[in-house]
$ cat entry05.tsv   # TSV, C-alpha atoms and all ligand atoms
chain	number	residue	atom	x	y	z
K	1	MET	CA	7.52	-21.57	6.59
K	2	SER	CA	7.67	-24.33	4.01
K	3	PRO	CA	10.17	-23.71	1.19
K	4	ASP	CA	7.58	-25.40	-1.10
K	5	LEU	CA	5.59	-22.16	-0.93
K	6	PHE	CA	8.28	-20.59	-3.12
K	7	ASP	CA	8.83	-23.62	-5.38
K	8	LEU	CA	8.27	-22.87	-9.08
K	9	THR	CA	9.03	-26.35	-10.44
K	10	GLY	CA	6.88	-27.10	-13.48
K	11	ARG	CA	5.90	-23.45	-14.01
K	12	VAL	CA	6.64	-21.30	-17.05
K	13	ALA	CA	7.71	-17.67	-16.58
K	14	LEU	CA	8.16	-14.94	-19.21
K	15	VAL	CA	10.26	-11.85	-18.49
K	16	SER	CA	10.99	-8.87	-20.79
K	17	GLY	CA	14.33	-7.08	-20.55
K	18	ALA	CA	16.12	-10.43	-20.32
K	19	ALA	CA	19.57	-9.31	-21.42
K	20	SER	CA	20.35	-6.95	-18.57
K	21	GLY	CA	19.55	-5.50	-15.15
K	22	MET	CA	16.32	-6.33	-13.34
K	23	GLY	CA	14.97	-8.54	-16.15
K	24	LYS	CA	18.06	-10.72	-16.14
K	25	ALA	CA	18.17	-10.89	-12.32
K	26	SER	CA	14.47	-11.87	-12.18
K	27	LEU	CA	14.99	-14.64	-14.72
K	28	ILE	CA	17.93	-16.12	-12.83
K	29	ALA	CA	15.96	-16.07	-9.56
K	30	LEU	CA	12.89	-17.68	-11.20
K	31	ALA	CA	15.07	-20.38	-12.77
K	32	GLU	CA	16.82	-20.99	-9.43
K	33	ALA	CA	13.36	-21.54	-7.91
K	34	GLY	CA	12.67	-24.20	-10.58
K	35	ALA	CA	10.75	-22.37	-13.33
K	36	SER	CA	11.30	-22.82	-17.06
K	37	VAL	CA	11.76	-19.35	-18.51
K	38	VAL	CA	11.17	-17.39	-21.70
K	39	LEU	CA	13.61	-14.52	-22.21
K	40	ALA	CA	12.25	-11.56	-24.22
K	41	ASP	CA	14.57	-8.81	-25.44
K	42	ILE	CA	15.68	-6.89	-28.53
K	43	ASP	CA	19.29	-7.65	-27.60
K	44	ASP	CA	19.56	-11.19	-28.98
K	45	GLU	CA	23.16	-11.75	-27.91
K	46	GLY	CA	22.46	-10.56	-24.34
K	47	ALA	CA	19.32	-12.70	-24.04
K	48	GLN	CA	21.26	-15.73	-25.30
K	49	ALA	CA	23.97	-15.08	-22.67
K	50	THR	CA	21.31	-15.02	-19.92
K	51	ALA	CA	19.76	-18.22	-21.36
K	52	THR	CA	23.16	-19.91	-21.23
K	53	GLU	CA	23.52	-18.98	-17.53
K	54	ILE	CA	20.06	-20.41	-16.91
K	55	GLU	CA	20.84	-23.70	-18.68
K	56	LEU	CA	23.87	-24.01	-16.39
K	57	LEU	CA	21.46	-23.77	-13.43
K	58	GLY	CA	19.67	-26.81	-14.86
K	59	SER	CA	16.54	-24.96	-16.03
K	60	LYS	CA	15.12	-24.51	-19.51
K	61	GLY	CA	15.63	-21.02	-20.99
K	62	VAL	CA	14.16	-19.99	-24.36
K	63	PRO	CA	15.36	-16.62	-25.70
K	64	VAL	CA	12.89	-14.86	-28.02
K	65	HIS	CA	13.53	-11.70	-30.04
K	66	CYS	CA	10.66	-9.43	-29.00
K	67	ASP	CA	10.36	-5.65	-29.21
K	68	ILE	CA	7.76	-4.96	-26.53
K	69	SER	CA	6.58	-1.85	-28.40
K	70	SER	CA	5.40	-4.19	-31.20
K	71	PRO	CA	2.10	-6.05	-30.63
K	72	GLU	CA	3.01	-8.33	-33.58
K	73	ASP	CA	6.23	-9.41	-31.83
K	74	ILE	CA	4.36	-9.98	-28.56
K	75	ARG	CA	1.61	-12.07	-30.18
K	76	ALA	CA	4.17	-14.15	-32.10
K	77	MET	CA	6.07	-14.77	-28.84
K	78	PHE	CA	2.93	-16.02	-27.08
K	79	GLY	CA	2.22	-18.28	-30.07
K	80	ARG	CA	5.65	-19.77	-29.58
K	81	ILE	CA	5.04	-20.22	-25.83
K	82	ASP	CA	1.78	-22.06	-26.68
K	83	ASP	CA	3.66	-24.38	-29.04
K	84	GLU	CA	6.66	-24.95	-26.82
K	85	PHE	CA	5.12	-25.11	-23.33
K	86	GLY	CA	1.32	-25.00	-23.67
K	87	ARG	CA	1.08	-22.86	-20.50
K	88	ILE	CA	2.14	-19.54	-18.98
K	89	ASP	CA	2.18	-19.08	-15.21
K	90	PHE	CA	4.04	-15.82	-14.62
K	91	VAL	CA	4.87	-12.71	-16.65
K	92	ALA	CA	7.13	-9.85	-15.55
K	93	ASN	CA	6.93	-6.74	-17.75
K	94	ILE	CA	10.27	-5.08	-17.10
K	95	ALA	CA	11.65	-3.69	-20.40
K	96	GLY	CA	10.55	-0.31	-21.70
K	97	GLU	CA	12.29	2.85	-22.74
K	98	ALA	CA	11.18	6.49	-22.66
K	99	VAL	CA	12.09	9.81	-24.28
K	100	ARG	CA	13.26	12.31	-21.67
K	101	LYS	CA	12.67	15.93	-22.63
K	102	LYS	CA	11.20	19.02	-21.03
K	103	PRO	CA	7.38	19.23	-21.21
K	104	GLU	CA	7.58	22.38	-23.32
K	105	ASP	CA	9.92	20.73	-25.87
K	106	ILE	CA	8.82	17.11	-26.23
K	107	SER	CA	6.88	16.24	-29.39
K	108	LEU	CA	3.64	14.28	-29.36
K	109	ASP	CA	5.37	11.61	-31.46
K	110	GLU	CA	7.93	11.20	-28.66
K	111	VAL	CA	5.18	10.96	-26.05
K	112	GLU	CA	3.43	8.35	-28.20
K	113	TRP	CA	6.65	6.36	-28.67
K	114	THR	CA	7.11	6.28	-24.89
K	115	TRP	CA	3.52	5.10	-24.41
K	116	ARG	CA	3.99	2.38	-27.05
K	117	ASN	CA	6.92	1.09	-25.03
K	118	LEU	CA	5.64	1.41	-21.49
K	119	VAL	CA	1.84	1.34	-21.66
K	120	TYR	CA	0.66	-0.43	-24.83
K	121	GLY	CA	3.56	-2.90	-24.63
K	122	ARG	CA	2.77	-3.85	-21.03
K	123	PHE	CA	-0.98	-3.92	-21.78
K	124	CYS	CA	-0.56	-6.17	-24.81
K	125	MET	CA	1.61	-8.55	-22.75
K	126	CYS	CA	-1.01	-8.53	-19.96
K	127	GLN	CA	-3.81	-9.17	-22.46
K	128	GLU	CA	-2.08	-12.12	-24.14
K	129	ALA	CA	-0.99	-13.59	-20.79
K	130	GLY	CA	-4.32	-12.80	-19.12
K	131	ARG	CA	-6.39	-14.62	-21.76
K	132	ARG	CA	-4.34	-17.78	-21.28
K	133	MET	CA	-4.18	-17.50	-17.47
K	134	LEU	CA	-7.94	-16.88	-17.18
K	135	ALA	CA	-8.56	-19.99	-19.27
K	136	ALA	CA	-6.27	-21.94	-16.89
K	137	GLY	CA	-7.82	-20.27	-13.80
K	138	LYS	CA	-4.40	-19.31	-12.43
K	139	GLY	CA	-1.53	-16.92	-13.06
K	140	SER	CA	0.48	-13.97	-11.84
K	141	ILE	CA	1.63	-10.83	-13.64
K	142	VAL	CA	4.03	-8.10	-12.52
K	143	ASN	CA	4.14	-4.70	-14.20
K	144	LEU	CA	7.30	-2.82	-13.35
K	145	GLY	CA	6.57	0.82	-12.58
K	146	SER	CA	8.78	3.44	-11.03
K	147	LEU	CA	8.86	6.11	-8.35
K	148	ALA	CA	7.55	8.14	-11.30
K	149	SER	CA	4.32	6.09	-11.17
K	150	ILE	CA	3.19	8.00	-8.08
K	151	THR	CA	5.53	10.97	-7.61
K	152	ALA	CA	6.93	13.60	-9.98
K	153	MET	CA	10.60	13.41	-10.98
K	154	GLY	CA	11.05	16.62	-12.98
K	155	ARG	CA	14.25	16.50	-15.09
K	156	GLY	CA	12.39	15.83	-18.34
K	157	HIS	CA	10.39	12.84	-17.07
K	158	ILE	CA	6.99	14.05	-18.29
K	159	ALA	CA	6.35	11.28	-20.84
K	160	TYR	CA	7.85	8.60	-18.57
K	161	SER	CA	5.82	9.73	-15.54
K	162	MET	CA	2.55	9.90	-17.47
K	163	ALA	CA	3.18	6.39	-18.81
K	164	MET	CA	4.31	4.91	-15.48
K	165	GLY	CA	1.25	6.43	-13.77
K	166	ALA	CA	-0.87	4.61	-16.35
K	167	VAL	CA	1.00	1.36	-15.62
K	168	VAL	CA	-0.06	1.50	-11.97
K	169	GLN	CA	-3.71	2.15	-12.88
K	170	MET	CA	-3.52	-0.69	-15.41
K	171	THR	CA	-2.36	-2.97	-12.60
K	172	ARG	CA	-5.21	-1.92	-10.30
K	173	GLU	CA	-7.84	-2.33	-13.06
K	174	LEU	CA	-6.56	-5.73	-14.21
K	175	SER	CA	-6.33	-7.00	-10.63
K	176	THR	CA	-9.89	-5.88	-10.01
K	177	GLU	CA	-11.14	-7.54	-13.22
K	178	TRP	CA	-9.14	-10.77	-13.00
K	179	SER	CA	-8.23	-11.71	-9.42
K	180	GLY	CA	-11.65	-13.32	-8.81
K	181	ARG	CA	-10.80	-15.67	-11.68
K	182	GLY	CA	-7.38	-16.63	-10.34
K	183	VAL	CA	-5.12	-14.09	-12.06
K	184	ARG	CA	-3.15	-11.78	-9.79
K	185	VAL	CA	-1.62	-8.52	-11.05
K	186	ASN	CA	0.88	-6.46	-9.04
K	187	SER	CA	3.39	-3.65	-9.60
K	188	ILE	CA	6.88	-3.05	-8.28
K	189	LEU	CA	8.12	0.54	-8.04
K	190	PRO	CA	11.93	0.73	-7.97
K	191	ALA	CA	13.94	3.78	-7.01
K	192	GLN	CA	17.34	4.21	-8.68
K	193	VAL	CA	18.76	0.78	-9.52
K	194	LEU	CA	22.30	0.85	-10.93
K	195	ASN	CA	22.32	0.02	-14.64
K	196	PRO	CA	24.80	1.06	-17.36
K	197	GLY	CA	22.83	4.24	-18.19
K	198	LEU	CA	22.62	5.44	-14.58
K	199	GLN	CA	26.27	4.56	-13.98
K	200	GLU	CA	27.27	6.69	-16.99
K	201	ARG	CA	25.30	9.66	-15.67
K	202	ILE	CA	26.88	9.30	-12.21
K	203	ASP	CA	30.36	9.02	-13.73
K	204	SER	CA	29.77	12.19	-15.79
K	205	ASP	CA	28.60	14.24	-12.78
K	206	PRO	CA	29.31	13.07	-9.19
K	207	ARG	CA	26.68	15.52	-7.83
K	208	ILE	CA	24.01	13.22	-9.29
K	209	LYS	CA	25.09	10.41	-6.97
K	210	GLU	CA	24.87	12.62	-3.87
K	211	ARG	CA	21.51	14.03	-4.95
K	212	PHE	CA	19.91	10.65	-5.62
K	213	LEU	CA	21.31	9.07	-2.44
K	214	SER	CA	19.86	11.93	-0.36
K	215	GLY	CA	16.46	10.46	-1.30
K	216	ILE	CA	17.31	6.91	-0.23
K	217	PRO	CA	17.38	6.53	3.56
K	218	ALA	CA	18.84	3.01	3.24
K	219	GLY	CA	21.99	4.74	2.00
K	220	ARG	CA	22.72	2.89	-1.24
K	221	PHE	CA	21.46	2.54	-4.78
K	222	GLY	CA	19.47	-0.52	-5.73
K	223	SER	CA	21.21	-3.43	-7.41
K	224	PRO	CA	19.40	-5.51	-10.06
K	225	ASP	CA	19.59	-8.45	-7.62
K	226	ASP	CA	17.29	-6.56	-5.22
K	227	ILE	CA	14.34	-7.67	-7.38
K	228	LYS	CA	15.11	-11.38	-7.06
K	229	GLY	CA	13.14	-12.03	-3.86
K	230	LEU	CA	10.10	-10.08	-5.04
K	231	ALA	CA	10.08	-11.85	-8.42
K	232	VAL	CA	10.05	-15.32	-6.83
K	233	PHE	CA	7.55	-14.26	-4.13
K	234	LEU	CA	5.09	-12.78	-6.64
K	235	ALA	CA	5.44	-15.75	-9.02
K	236	SER	CA	4.87	-18.28	-6.24
K	237	ASP	CA	1.99	-19.48	-4.07
K	238	ALA	CA	3.59	-17.57	-1.17
K	239	SER	CA	1.81	-14.47	-2.54
K	240	SER	CA	-1.53	-16.11	-3.37
K	241	TRP	CA	-3.58	-13.36	-1.65
K	242	ILE	CA	-1.42	-10.47	-2.87
K	243	THR	CA	-2.98	-8.71	-5.85
K	244	GLY	CA	-3.43	-5.10	-6.93
K	245	ALA	CA	-0.46	-4.25	-4.72
K	246	ILE	CA	1.88	-1.41	-5.64
K	247	ILE	CA	5.11	-2.42	-3.94
K	248	PRO	CA	7.98	0.05	-3.47
K	249	MET	CA	11.50	-1.36	-3.93
K	250	ASP	CA	13.25	1.84	-3.05
K	251	GLY	CA	15.43	1.80	0.07
K	252	GLY	CA	12.75	3.86	1.85
K	253	ASN	CA	12.42	6.66	-0.71
K	254	LEU	CA	8.63	6.85	-0.91
K	255	ALA	CA	8.21	6.67	2.87
K	256	MET	CA	10.34	9.78	3.35
K	257	ASN	CA	9.01	13.30	3.03
K	258	ALA	CA	11.03	14.87	0.23
K	259	GLY	CA	11.36	18.34	1.74
K	260	GLY	CA	11.16	18.02	5.50
K	261	SER	CA	12.84	14.77	6.52
K	262	VAL	CA	16.41	14.78	7.75
K	263	GLY	CA	18.48	11.83	8.95
K	264	SER	CA	18.81	11.26	12.72
K	265	GLU	CA	22.48	12.24	12.51
K	266	VAL	CA	21.45	15.78	11.44
K	267	PHE	CA	18.60	16.26	13.92
K	268	LYS	CA	19.73	17.38	17.40
K	269	GLU	CA	17.27	17.77	20.29
K	301	LIG	N1	17.12	1.20	-13.21
K	301	LIG	C1	16.30	2.01	-12.57
K	301	LIG	O1	16.72	2.84	-11.76
K	301	LIG	C2	14.82	1.94	-12.82
K	301	LIG	C3	13.95	2.46	-11.86
K	301	LIG	C4	12.58	2.38	-12.10
K	301	LIG	C5	12.11	1.81	-13.26
K	301	LIG	N2	12.99	1.32	-14.19
K	301	LIG	C6	12.44	0.71	-15.40
K	301	LIG	O2	12.88	-0.64	-15.44
K	301	LIG	C7	13.35	-0.97	-16.77
K	301	LIG	C8	14.53	-1.91	-16.63
K	301	LIG	O3	15.54	-1.25	-15.92
K	301	LIG	P1	16.99	-1.90	-15.81
K	301	LIG	O4	17.79	-1.07	-14.88
K	301	LIG	O5	16.87	-3.35	-15.54
K	301	LIG	O6	17.48	-1.62	-17.32
K	301	LIG	P2	18.67	-2.21	-18.21
K	301	LIG	O7	19.05	-1.11	-19.11
K	301	LIG	O8	19.72	-2.87	-17.38
K	301	LIG	O9	17.92	-3.37	-19.06
K	301	LIG	C9	16.88	-3.07	-19.93
K	301	LIG	C10	16.73	-4.25	-20.90
K	301	LIG	O10	15.54	-4.03	-21.69
K	301	LIG	C11	15.86	-4.30	-23.06
K	301	LIG	N3	14.94	-3.50	-23.89
K	301	LIG	C12	14.95	-2.17	-24.11
K	301	LIG	N4	13.95	-1.82	-24.95
K	301	LIG	C13	13.30	-2.97	-25.26
K	301	LIG	C14	12.19	-3.26	-26.09
K	301	LIG	N5	11.53	-2.30	-26.77
K	301	LIG	N6	11.77	-4.54	-26.20
K	301	LIG	C15	12.42	-5.54	-25.52
K	301	LIG	N7	13.48	-5.32	-24.72
K	301	LIG	C16	13.93	-4.05	-24.59
K	301	LIG	C17	17.32	-3.88	-23.20
K	301	LIG	O11	17.91	-4.49	-24.35
K	301	LIG	C18	17.90	-4.37	-21.88
K	301	LIG	O12	18.30	-5.72	-21.96
K	301	LIG	C19	13.76	0.36	-17.41
K	301	LIG	O13	13.50	0.29	-18.78
K	301	LIG	C20	12.92	1.39	-16.66
K	301	LIG	O14	11.77	1.74	-17.43
K	301	LIG	C21	14.34	1.36	-13.98
$ encode --input "entry05.tsv" --output "structure tokens" --more "lines below"
Ligand SMILES: NC(=O)c1ccc[n+]([C@@H]2O[C@H](COP(=O)([O-])OP(=O)(O)OC[C@H]3O[C@@H](n4cnc5c(N)ncnc54)[C@H](O)[C@@H]3O)[C@@H](O)[C@H]2O)c1
Amino acid sequence: MSPDLFDLTGRVALVSGAASGMGKASLIALAEAGASVVLADIDDEGAQATATEIELLGSKGVPVHCDISSPEDIRAMFGRIDDEFGRIDFVANIAGEAVRKKPEDISLDEVEWTWRNLVYGRFCMCQEAGRRMLAAGKGSIVNLGSLASITAMGRGHIAYSMAMGAVVQMTRELSTEWSGRGVRVNSILPAQVLNPGLQERIDSDPRIKERFLSGIPAGRFGSPDDIKGLAVFLASDASSWITGAIIPMDGGNLAMNAGGSVGSEVFKE
């Protein structure tokens, strides 16, 4: 297969969550494949550090302060992309926080805050990007979801799950509306990927590690770098007929029956 299929030279990619984790890893992979990148985050210092790494790779990296729960911030950022690049080829919506509380305790304000982050934020980014990509007749968008997009987590994930379920339906609707006009929209659903928050929870209670790993047949947590290949693939012409896809990145979690599956080492004939 020609490596040109994955070449992003001359393309402009925007990723939210640029300072850390999967956002940062995606940006580095996109820059390594030749894209110029826009780095959106509320952590200005972290985004600048990622931009510095990207400049060292020889690509252009523009950090932008953007709170993805603010439509004003998002619209201002796209205005800046218009001025600076005059095009947008790929957007990855990765950042987004949630309030975790039991369904009987969470307030409607907390549910709304979560939706502003995960649903309205992603939708506003898709709308701004989509308008420009439709005008250009080409583009690709990725909305990060979660296992919670299509299965229930419990443990206070009600607001997060409702929002992530909406993210997957948003992806299917936008793909259906836009793919005939050249704009592809896909989702990635990660299982547990090690980030500072998850690491802290594991360190505070080792049973959490065992419990989570029992749901991952591949036998390890995800690393932020696990998203690199998918980010480049979905941004590139290698995925030109892939749209509306909901892609697990989960070490086999979703393929496994939660209650009845046991590893081959446990099952004896
Ligand atoms: N890590 C996982 O296990 C996992 C699994 C499934 C889905 N997710 C989702 O993916 C997202 C990224 O996960 P990660 O592990 O890379 O996280 P991370 O904590 O390593 O990075 C998140 C980044 O988003 C930025 N951010 C937070 N709120 C923001 C906002 N309102 N506007 C702009 N930037 C903001 C943070 O400053 C940080 O740089 C999570 O927010 C989560 O919703 C994570």
$ closest_atom_pairs --input "entry05.tsv" --of "chain K" --to "ligand LIG 301 (chain K)" --cutoff "9 Å" --atoms "all atoms listed in the file" --output "Markdown table"
| residue | atom | partner | partner_atom | distance |
| --- | --- | --- | --- | --- |
| K:Ser16 | CA | K:LIG301 | N7 | 5.9 |
| K:Gly17 | CA | K:LIG301 | O10 | 3.5 |
| K:Ala18 | CA | K:LIG301 | O12 | 5.4 |
| K:Ala19 | CA | K:LIG301 | O12 | 3.8 |
| K:Ser20 | CA | K:LIG301 | O12 | 4.1 |
| K:Gly21 | CA | K:LIG301 | O8 | 3.5 |
| K:Met22 | CA | K:LIG301 | O5 | 3.7 |
| K:Gly23 | CA | K:LIG301 | O5 | 5.6 |
| K:Lys24 | CA | K:LIG301 | O5 | 7.5 |
| K:Ala25 | CA | K:LIG301 | O5 | 8.3 |
| K:Ala40 | CA | K:LIG301 | C15 | 6.2 |
| K:Asp41 | CA | K:LIG301 | N7 | 3.7 |
| K:Ile42 | CA | K:LIG301 | C15 | 4.6 |
| K:Asp43 | CA | K:LIG301 | O11 | 4.7 |
| K:Asp44 | CA | K:LIG301 | O11 | 8.3 |
| K:Gly46 | CA | K:LIG301 | O12 | 6.8 |
| K:Ala47 | CA | K:LIG301 | O12 | 7.4 |
| K:His65 | CA | K:LIG301 | C15 | 7.7 |
| K:Cys66 | CA | K:LIG301 | C15 | 5.5 |
| K:Asp67 | CA | K:LIG301 | N6 | 3.5 |
| K:Ile68 | CA | K:LIG301 | N6 | 4.0 |
| K:Ser69 | CA | K:LIG301 | N5 | 5.2 |
| K:Ser70 | CA | K:LIG301 | N5 | 7.8 |
| K:Asn93 | CA | K:LIG301 | C7 | 8.7 |
| K:Ile94 | CA | K:LIG301 | C7 | 5.1 |
| K:Ala95 | CA | K:LIG301 | O10 | 4.1 |
| K:Gly96 | CA | K:LIG301 | O13 | 4.2 |
| K:Glu97 | CA | K:LIG301 | O13 | 4.9 |
| K:Ala98 | CA | K:LIG301 | O14 | 7.1 |
| K:Arg116 | CA | K:LIG301 | N5 | 8.9 |
| K:Asn117 | CA | K:LIG301 | N5 | 6.0 |
| K:Leu118 | CA | K:LIG301 | O14 | 7.4 |
| K:Gly121 | CA | K:LIG301 | N5 | 8.3 |
| K:Leu144 | CA | K:LIG301 | O2 | 6.3 |
| K:Gly145 | CA | K:LIG301 | C5 | 5.7 |
| K:Ser146 | CA | K:LIG301 | C4 | 4.1 |
| K:Leu147 | CA | K:LIG301 | C4 | 6.5 |
| K:Ala148 | CA | K:LIG301 | C4 | 7.7 |
| K:Tyr160 | CA | K:LIG301 | O14 | 8.0 |
| K:Met164 | CA | K:LIG301 | O14 | 8.3 |
| K:Ile188 | CA | K:LIG301 | C5 | 8.7 |
| K:Leu189 | CA | K:LIG301 | C4 | 6.3 |
| K:Pro190 | CA | K:LIG301 | C4 | 4.5 |
| K:Ala191 | CA | K:LIG301 | C3 | 5.0 |
| K:Gln192 | CA | K:LIG301 | O1 | 3.4 |
| K:Val193 | CA | K:LIG301 | O1 | 3.7 |
| K:Leu194 | CA | K:LIG301 | N1 | 5.7 |
| K:Asn195 | CA | K:LIG301 | O4 | 4.7 |
| K:Pro196 | CA | K:LIG301 | O7 | 6.4 |
| K:Gly197 | CA | K:LIG301 | O7 | 6.6 |
| K:Leu198 | CA | K:LIG301 | O1 | 7.0 |
| K:Phe221 | CA | K:LIG301 | O1 | 8.4 |
| K:Gly222 | CA | K:LIG301 | O1 | 7.4 |
| K:Ser223 | CA | K:LIG301 | N1 | 8.5 |
| K:Pro224 | CA | K:LIG301 | O5 | 6.4 |
| K:Asp250 | CA | K:LIG301 | C3 | 8.9 |
$ closest_atom_pairs --input "entry05.tsv" --of "region 139-225 of chain K" --to "region 251-254 of chain K" --cutoff "7 Å" --atoms "all atoms listed in the file" --output "JSON lines"
{"residue": "K:Gly215", "atom": "CA", "partner": "K:Asn253", "partner_atom": "CA", "distance": 5.6}
{"residue": "K:Ile216", "atom": "CA", "partner": "K:Asn253", "partner_atom": "CA", "distance": 4.9}
{"residue": "K:Pro217", "atom": "CA", "partner": "K:Gly252", "partner_atom": "CA", "distance": 5.6}
{"residue": "K:Ala218", "atom": "CA", "partner": "K:Gly251", "partner_atom": "CA", "distance": 4.8}
$ atom_distance --input "entry05.tsv" --atom1 "CA of Phe90 (chain K)" --atom2 "CA of Ser140 (chain K)"
4.9 Å
$ closest_residue --input "entry05.tsv" --among "K:Val64, K:Ile150, K:Val37, K:Val142" --to "Gly79 (chain K)" --atoms "all atoms listed in the file"
K:Val64
$ closest_residue --input "entry05.tsv" --among "K:Asp4, K:Glu173, K:Val15, K:Gly58" --to "Phe233 (chain K)" --atoms "all atoms listed in the file"
K:Asp4
$ closest_residue --input "entry05.tsv" --among "K:Met125, K:Ile28, K:Val111, K:Leu39" --to "Glu72 (chain K)" --atoms "only C-alpha atoms"
K:Met125
$ closest_residue --input "entry05.tsv" --among "K:Glu210, K:Thr151, K:Glu128, K:Tyr120" --to "Leu14 (chain K)" --atoms "all atoms listed in the file"
K:Glu128
$ atom_distance --input "entry05.tsv" --atom1 "CA of Ile246 (chain K)" --atom2 "CA of Asn186 (chain K)"
6.2 Å
$ residues_around --input "entry05.tsv" --residues "Arg184 (chain K)" --least-positions-apart "4" --cutoff "7 Å" --atoms "all atoms listed in the file" --output "list in words"
Gly139, Ser140, Ile141, Ser175, Trp178, Ser179 and Thr243 of chain K
$ atom_distance --input "entry05.tsv" --atom1 "CA of Pro103 (chain K)" --atom2 "CA of Ala166 (chain K)"
17.5 Å
$ axis_aligned_box --input "entry05.tsv" --around "region 116-132 of chain K" --padding-each-side "3 Å" --output "AutoDock Vina command-line options"
--center_x 0.3 --center_y -7.7 --center_z -23.1 --size_x 19.3 --size_y 26.2 --size_z 13.9
$ closest_residue --input "entry05.tsv" --among "K:Ile74, K:Val99, K:Val183, K:Ala35" --to "Glu55 (chain K)" --atoms "only C-alpha atoms"
K:Ala35
$ closest_residue --input "entry05.tsv" --among "K:Ala258, K:Arg75, K:Gly182, K:Ile247" --to "Ile227 (chain K)" --atoms "all atoms listed in the file"
K:Ile247
$ residues_around --input "entry05.tsv" --residues "Met162 (chain K)" --least-positions-apart "5" --cutoff "9 Å" --atoms "only C-alpha atoms" --output "PDB file with C-alpha atoms, in the frame of the given file"
ATOM      1  CA  TRP K 115       3.520   5.100 -24.410  1.00  0.00           C
ATOM      2  CA  ALA K 148       7.550   8.140 -11.300  1.00  0.00           C
ATOM      3  CA  SER K 149       4.320   6.090 -11.170  1.00  0.00           C
ATOM      4  CA  HIS K 157      10.390  12.840 -17.070  1.00  0.00           C
ATOM      5  CA  VAL K 167       1.000   1.360 -15.620  1.00  0.00           C
TER       6      VAL K 167
END
